[in-house]
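Enquirer: Input structure: structure_21.pdb, which contains PDB, C-alpha atoms and all ligand atoms.
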```pdb
ATOM      1  CA  MET A 130     -15.011   7.885  -9.404
ATOM      2  CA  PRO A 131     -11.571   8.394 -11.054
ATOM      3  CA  TYR A 132     -10.631  10.817  -8.265
ATOM      4  CA  LEU A 133     -11.812   8.388  -5.569
ATOM      5  CA  ARG A 134      -9.632   5.689  -7.136
ATOM      6  CA  ALA A 135      -6.715   8.141  -7.265
ATOM      7  CA  VAL A 136      -7.141   9.003  -3.554
ATOM      8  CA  VAL A 137      -7.131   5.312  -2.620
ATOM      9  CA  LEU A 138      -4.038   4.553  -4.726
ATOM     10  CA  GLU A 139      -2.178   7.584  -3.378
ATOM     11  CA  SER A 140      -3.028   6.480   0.188
ATOM     12  CA  LEU A 141      -1.756   2.970  -0.569
ATOM     13  CA  ARG A 142       1.422   4.423  -2.061
ATOM     14  CA  MET A 143       2.202   6.576   0.969
ATOM     15  CA  HIS A 144       0.751   4.406   3.731
ATOM     16  CA  PRO A 145       0.725   0.762   2.626
ATOM     17  CA  PRO A 146      -1.073  -1.276   5.334
ATOM     18  CA  SER A 147       1.671  -3.901   5.003
ATOM     19  CA  PRO A 148       4.900  -1.865   5.168
ATOM     20  CA  PHE A 149       7.052  -4.828   4.178
ATOM     21  CA  VAL A 150       6.832  -8.338   2.758
ATOM     22  CA  THR A 151       9.323 -11.131   3.321
ATOM     23  CA  ARG A 152      10.647 -13.950   1.201
ATOM     24  CA  GLY A 153      12.665 -16.981   2.241
ATOM     25  CA  VAL A 154      15.193 -18.555  -0.121
ATOM     26  CA  HIS A 155      17.386 -21.632   0.248
ATOM     27  CA  ASP A 156      20.913 -21.982  -1.051
ATOM     28  CA  ASP A 157      22.899 -25.183  -1.251
ATOM     29  CA  LEU A 158      26.164 -24.686   0.576
ATOM     30  CA  ALA A 159      29.105 -26.979  -0.160
ATOM     31  CA  SER A 160      31.599 -27.252   2.680
ATOM     32  CA  GLY A 161      34.255 -29.901   3.350
ATOM     33  CA  GLY A 162      32.666 -32.486   1.077
ATOM     34  CA  SER A 163      29.174 -32.194   2.585
ATOM     35  CA  ILE A 164      26.320 -30.081   1.402
ATOM     36  CA  GLY A 165      24.263 -28.026   3.801
ATOM     37  CA  ARG A 166      21.405 -25.662   3.275
ATOM     38  CA  LEU A 167      21.542 -21.970   3.996
ATOM     39  CA  ARG A 168      18.255 -20.225   4.601
ATOM     40  CA  LYS A 169      18.209 -16.566   3.708
ATOM     41  CA  LYS A 170      15.490 -14.111   4.428
ATOM     42  CA  LEU A 171      14.725 -11.167   2.187
ATOM     43  CA  VAL A 172      12.733  -8.210   3.468
ATOM     44  CA  VAL A 173      11.199  -5.992   0.792
ATOM     45  CA  MET A 174      10.389  -2.549   2.194
ATOM     46  CA  VAL A 175       7.101  -1.839   0.432
ATOM     47  CA  GLN A 176       6.741   1.553   2.094
ATOM     48  CA  ASP A 177      10.154   2.736   0.878
ATOM     49  CA  ILE A 178       9.404   1.742  -2.725
ATOM     50  CA  GLY A 179       6.273   3.914  -2.732
ATOM     51  CA  ARG A 180       8.250   6.903  -1.499
ATOM     52  CA  HIS A 181      11.433   6.524  -3.517
ATOM     53  CA  GLY A 182      12.658   9.847  -4.825
ATOM     54  CA  SER A 183      14.117   8.292  -7.979
ATOM     55  CA  VAL A 184      10.717   7.206  -9.287
ATOM     56  CA  TRP A 185       8.297   9.643  -7.620
ATOM     57  CA  THR A 186       8.146  13.421  -7.791
ATOM     58  CA  ASP A 187       7.715  14.948  -4.314
ATOM     59  CA  PRO A 188       7.258  11.460  -2.815
ATOM     60  CA  ASP A 189       6.168  12.778   0.606
ATOM     61  CA  GLN A 190       3.457  14.970  -0.922
ATOM     62  CA  PHE A 191      -0.099  13.547  -0.887
ATOM     63  CA  SER A 192      -1.127  14.189  -4.471
ATOM     64  CA  PRO A 193      -3.895  11.937  -5.874
ATOM     65  CA  GLU A 194      -3.677  13.886  -9.166
ATOM     66  CA  ARG A 195      -0.572  11.907 -10.078
ATOM     67  CA  PHE A 196      -2.856   8.897 -10.693
ATOM     68  CA  LEU A 197      -5.212  10.810 -13.002
ATOM     69  CA  PRO A 198      -4.810  10.890 -16.808
ATOM     70  CA  GLY A 199      -1.746  12.956 -17.669
ATOM     71  CA  GLY A 200      -0.234  12.448 -14.189
ATOM     72  CA  GLU A 201       3.132  10.786 -13.647
ATOM     73  CA  ALA A 202       1.450   7.651 -12.277
ATOM     74  CA  GLU A 203      -1.520   7.309 -14.618
ATOM     75  CA  ASP A 204      -0.203   3.950 -15.870
ATOM     76  CA  VAL A 205       1.415   2.724 -12.666
ATOM     77  CA  SER A 206       0.171  -0.659 -11.652
ATOM     78  CA  HIS A 207      -0.429  -1.696  -8.055
ATOM     79  CA  MET A 208       0.060  -5.190  -9.459
ATOM     80  CA  PRO A 209       3.797  -5.217 -10.184
ATOM     81  CA  GLY A 210       4.761  -7.013 -13.342
ATOM     82  CA  ARG A 211       1.165  -7.394 -14.494
ATOM     83  CA  ASN A 212       0.887  -4.389 -16.744
ATOM     84  CA  GLY A 213       3.293  -5.865 -19.251
ATOM     85  CA  ARG A 214       6.226  -4.003 -17.762
ATOM     86  CA  ASP A 215       8.724  -4.958 -15.130
ATOM     87  CA  GLU A 216       8.228  -1.938 -12.959
ATOM     88  CA  MET A 217       7.742  -1.889  -9.196
ATOM     89  CA  ARG A 218       7.014   1.706  -8.334
ATOM     90  CA  MET A 219       4.539   0.653  -5.664
ATOM     91  CA  MET A 220       3.500  -2.744  -4.359
ATOM     92  CA  PRO A 221       0.911  -2.387  -1.554
ATOM     93  CA  PHE A 222      -0.442  -5.844  -2.408
ATOM     94  CA  GLY A 223       2.974  -7.482  -2.707
ATOM     95  CA  GLY A 224       4.113  -9.086  -5.921
ATOM     96  CA  GLY A 225       4.930 -12.291  -7.707
ATOM     97  CA  ARG A 226       3.602 -15.667  -6.584
ATOM     98  CA  ARG A 227       2.423 -14.412  -3.209
ATOM     99  CA  PHE A 228       0.580 -11.422  -4.680
ATOM    100  CA  CYS A 229      -2.515 -10.651  -2.575
ATOM    101  CA  PRO A 230      -5.455 -12.604  -4.024
ATOM    102  CA  GLY A 231      -7.911 -10.282  -2.242
ATOM    103  CA  TYR A 232      -6.719  -7.066  -3.903
ATOM    104  CA  SER A 233      -9.785  -6.419  -6.069
ATOM    105  CA  LEU A 234     -12.194  -7.073  -3.186
ATOM    106  CA  ALA A 235     -10.055  -4.831  -0.967
ATOM    107  CA  LEU A 236     -10.065  -1.970  -3.497
ATOM    108  CA  VAL A 237     -13.843  -2.147  -3.975
ATOM    109  CA  ARG A 238     -14.451  -2.250  -0.207
ATOM    110  CA  VAL A 239     -12.088   0.632   0.563
ATOM    111  CA  LYS A 240     -13.652   2.797  -2.188
ATOM    112  CA  PHE A 241     -17.194   2.017  -0.927
ATOM    113  CA  PHE A 242     -16.192   2.768   2.660
ATOM    114  CA  LEU A 243     -14.495   6.045   1.773
ATOM    115  CA  ALA A 244     -17.303   7.217  -0.513
ATOM    116  CA  GLY A 245     -19.894   6.409   2.200
ATOM    117  CA  LEU A 246     -17.857   8.161   4.882
ATOM    118  CA  VAL A 247     -17.493  11.362   2.858
ATOM    119  CA  ARG A 248     -21.134  11.260   1.738
ATOM    120  CA  HIS A 249     -22.554  10.979   5.250
ATOM    121  CA  PHE A 250     -20.048  12.920   7.335
ATOM    122  CA  GLU A 251     -18.028  16.077   7.198
ATOM    123  CA  LEU A 252     -14.552  15.525   8.579
ATOM    124  CA  ALA A 253     -12.229  18.199   9.890
ATOM    125  CA  PRO A 254      -8.881  17.991  11.666
ATOM    126  CA  PRO A 255      -8.862  18.724  15.418
ATOM    127  CA  SER A 256      -7.262  21.954  16.626
ATOM    128  CA  CYS A 257      -4.057  20.043  17.481
ATOM    129  CA  GLY A 258      -3.759  18.881  13.851
ATOM    130  CA  VAL A 259      -3.208  15.357  12.550
ATOM    131  CA  ASP A 260       0.093  13.568  13.042
ATOM    132  CA  LEU A 261       0.532  10.990  10.286
ATOM    133  CA  THR A 262       3.737   9.521  11.716
ATOM    134  CA  ALA A 263       3.602   5.742  11.384
ATOM    135  CA  ARG A 264       4.634   3.109  13.889
ATOM    136  CA  LEU A 265       6.509   0.405  12.029
ATOM    137  CA  ALA A 266       4.953  -2.936  12.843
ATOM    138  CA  PHE A 267       3.673  -5.937  10.918
ATOM    139  CA  ASN A 268       0.829  -3.650   9.887
ATOM    140  CA  ASN A 269       1.173   0.084   9.400
ATOM    141  CA  LEU A 270      -0.378   1.875  12.364
ATOM    142  CA  MET A 271      -0.512   5.533  13.311
ATOM    143  CA  LYS A 272       1.845   6.410  16.159
ATOM    144  CA  LYS A 273      -0.827   8.695  17.571
ATOM    145  CA  PRO A 274      -4.409   7.489  16.963
ATOM    146  CA  LEU A 275      -6.397   9.640  14.550
ATOM    147  CA  ARG A 276      -8.639  12.261  16.083
ATOM    148  CA  ALA A 277     -11.069  14.153  13.865
ATOM    149  CA  ARG A 278     -14.112  16.374  14.180
ATOM    150  CA  VAL A 279     -16.954  14.434  12.586
ATOM    151  CA  THR A 280     -20.268  16.099  11.737
ATOM    152  CA  PRO A 281     -23.166  14.253  10.094
ATOM    153  CA  ARG A 282     -24.164  15.767   6.752
ATOM    154  CA  THR A 283     -27.785  16.560   6.020
ATOM    155  CA  LEU A 284     -28.537  14.611   2.878
ATOM    156  CA  PRO A 285     -31.029  16.085   0.407
TER     157      PRO A 285
HETATM  158  C1  LIG A 301      -6.186  -3.010   1.590
HETATM  159  C2  LIG A 301      -6.300  -4.317   1.840
HETATM  160  C3  LIG A 301      -5.213  -5.338   1.640
HETATM  161  C4  LIG A 301      -3.869  -5.143   1.535
HETATM  162  C5  LIG A 301      -3.069  -3.842   1.570
HETATM  163  C6  LIG A 301      -3.282  -6.462   1.365
HETATM  164  C7  LIG A 301      -1.921  -6.694   1.214
HETATM  165  C8  LIG A 301      -1.347  -7.940   1.109
HETATM  166  C9  LIG A 301       0.076  -8.190   1.007
HETATM  167  C10 LIG A 301       1.163  -7.116   0.992
HETATM  168  C11 LIG A 301       0.246  -9.525   0.924
HETATM  169  C12 LIG A 301       1.580 -10.266   0.814
HETATM  170  C13 LIG A 301       1.930 -10.387  -0.668
HETATM  171  C14 LIG A 301       3.358 -10.833  -0.867
HETATM  172  O1  LIG A 301       3.962 -11.441   0.013
HETATM  173  O2  LIG A 301       3.872 -10.559  -1.964
HETATM  174  C15 LIG A 301      -1.060 -10.146   0.986
HETATM  175  C16 LIG A 301      -1.282 -11.514   0.940
HETATM  176  C17 LIG A 301      -2.514 -12.089   1.045
HETATM  177  N1  LIG A 301      -3.736 -11.434   1.097
HETATM  178 FE1  LIG A 301      -4.013  -9.428   1.163
HETATM  179  N2  LIG A 301      -4.263  -7.404   1.367
HETATM  180  C18 LIG A 301      -5.465  -6.774   1.529
HETATM  181  C19 LIG A 301      -6.708  -7.361   1.558
HETATM  182  C20 LIG A 301      -6.971  -8.696   1.436
HETATM  183  C21 LIG A 301      -8.282  -9.299   1.389
HETATM  184  C22 LIG A 301      -9.605  -8.502   1.419
HETATM  185  C23 LIG A 301      -8.101 -10.645   1.294
HETATM  186  C24 LIG A 301      -9.098 -11.762   1.219
HETATM  187  C25 LIG A 301     -10.386 -11.615   1.024
HETATM  188  C26 LIG A 301      -6.679 -10.889   1.283
HETATM  189  C27 LIG A 301      -6.090 -12.134   1.226
HETATM  190  C28 LIG A 301      -4.735 -12.375   1.179
HETATM  191  C29 LIG A 301      -4.121 -13.702   1.189
HETATM  192  C30 LIG A 301      -4.859 -15.059   1.261
HETATM  193  C31 LIG A 301      -2.749 -13.525   1.087
HETATM  194  C32 LIG A 301      -1.656 -14.613   1.076
HETATM  195  C33 LIG A 301      -1.296 -14.932  -0.362
HETATM  196  C34 LIG A 301      -0.186 -15.981  -0.456
HETATM  197  O3  LIG A 301       0.626 -16.070   0.481
HETATM  198  O4  LIG A 301      -0.113 -16.675  -1.481
HETATM  199  N3  LIG A 301      -6.022  -9.685   1.360
HETATM  200  N4  LIG A 301      -2.009  -9.163   1.086
END
```
Just give me the structure as structure tokens.

Expert:
Amino acid sequence: MPYLRAVVLESLRMHPPSPFVTRGVHDDLASGGSIGRLRKKLVVMVQDIGRHGSVWTDPDQFSPERFLPGGEAEDVSHMPGRNGRDEMRMMPFGGGRRFCPGYSLALVRVKFFLAGLVRHFELAPPSCGVDLTARLAFNNLMKKPLRARVTPRTLP
């Protein structure tokens, strides 16, 4: 179970389903005796935070072990600001007031799905390999759809 959790967190670090979140802020703007409002938009690149070389060792390396005890990310929170520290080393579920309220359900579901998939099927890459290049959109998608060789396992 700890390794399953580590695989899910490492996947969310490298391939957050929401590659960015946005925030809108208003500023009062005084000009020529009248006051207007300036609307600014802030885009937080979630996917870049999870791969930042200043806070992650070998950021482009898929290494679930970093989330296990003794690993560099054993105490990293996917809930920024909620582990008593002000860190934001990854934020797949956003942060602050708009933090995803479905995060715990999502984590349980993803772990169940992954555990079931691996239990019932053997997965191998196709001869052409797997291209993990992402297509930047509102949701993170694979540029080339995943192809895999899937064989049912014989359960005891
Ligand atoms: C792996 C699965 C999921 C991911 C990666 C995810 C990610 C996110 C992100 C990045 C945000 C924006 C947070 C922000 O702006 O700071 C968000 C918001 C939200 N999520 Fe999720 N989410 C997931 C699953 C779910 C599920 C299962 C539910 C509901 C059952 C859910 C409900 C919501 C809602 C209602 C918001 C809007 C919150 C607000 O604007 O106050 N999410 N989610």

Enquirer: Residues near region 180-197 of chain A, anyone? I mean within 7 Å using only C-alpha atoms, not counting same-chain ones fewer than 3 positions away, as a PyMOL selection string.

Expert: chain A and resi 135-136+139+143+176-177+200-203+218

Enquirer: For the structure shown, which residues end up in the PyMOL selection byres (((not hetatm)) within 6 of (chain A and resi 301))? Put them as a VMD selection string, please?

Expert: chain A and resid 146 to 147 150 221 to 224 227 to 232 234 to 235

Enquirer: Report the distance between CA of Gly225 (chain A) and CA of Val175 (chain A) in Å, rounded to one decimal place.

Expert: 13.4 Å

Enquirer: May I ask for the distance between CA of Ser233 (chain A) and CA of Arg264 (chain A), given in Å to one decimal place?

Expert: 26.4 Å

Enquirer: Calculated over only C-alpha atoms, which of the candidates A:Arg278, A:Lys272, A:Arg238, A:Arg142 has the smallest distance to Ser256 (chain A)?

Expert: A:Arg278

Enquirer: Given the point (-18.5, 11.1, 8.9) in the coordinates of this file, which residues lie within 8 Å, counting all atoms listed in the file, and how would they look as number ranges by chain?

Expert: A: 246-252, 279-282

Enquirer: Considering only C-alpha atoms, can you say which of A:Val259, A:Leu138, A:Thr151, A:Arg168 comes closest to Met271 (chain A)?

Expert: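 Comparing A:Val259, A:Leu138, A:Thr151, A:Arg168 against Met271 (chain A), the winner is A:Val259.
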
Enquirer: Quick one: pull the distance between CA of Leu171 (chain A) and CA of Asn269 (chain A), Å, one decimal.

Expert: 19.0 Å

Enquirer: Restricting the calculation to all atoms listed in the file, which member of A:Pro198, A:Leu236, A:Phe241, A:Val172 is positioned closest to Leu141 (chain A)?

Expert: A:Leu236

Enquirer: Hey, what comes out of the PyMOL selection byres (((chain A and resi 273) around 12) and not hetatm) on this file? Could you write it as a PyMOL selection string?

Expert: chain A and resi 257-264+270-272+274-276

Enquirer: Which is closer to Met217 (chain A) than all the others in A:Gly179, A:Pro254, A:Ala244, A:Val239, using all atoms listed in the file?

Expert: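 Going through A:Gly179, A:Pro254, A:Ala244, A:Val239 one by one, the smallest distance to Met217 (chain A) is for A:Gly179.
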
Enquirer: Please list as number ranges by chain every residue within 9 Å of Lys240 (chain A), counting all atoms listed in the file and excluding residues in the same chain fewer than 6 positions away.

Expert: A: 130, 133-134, 137
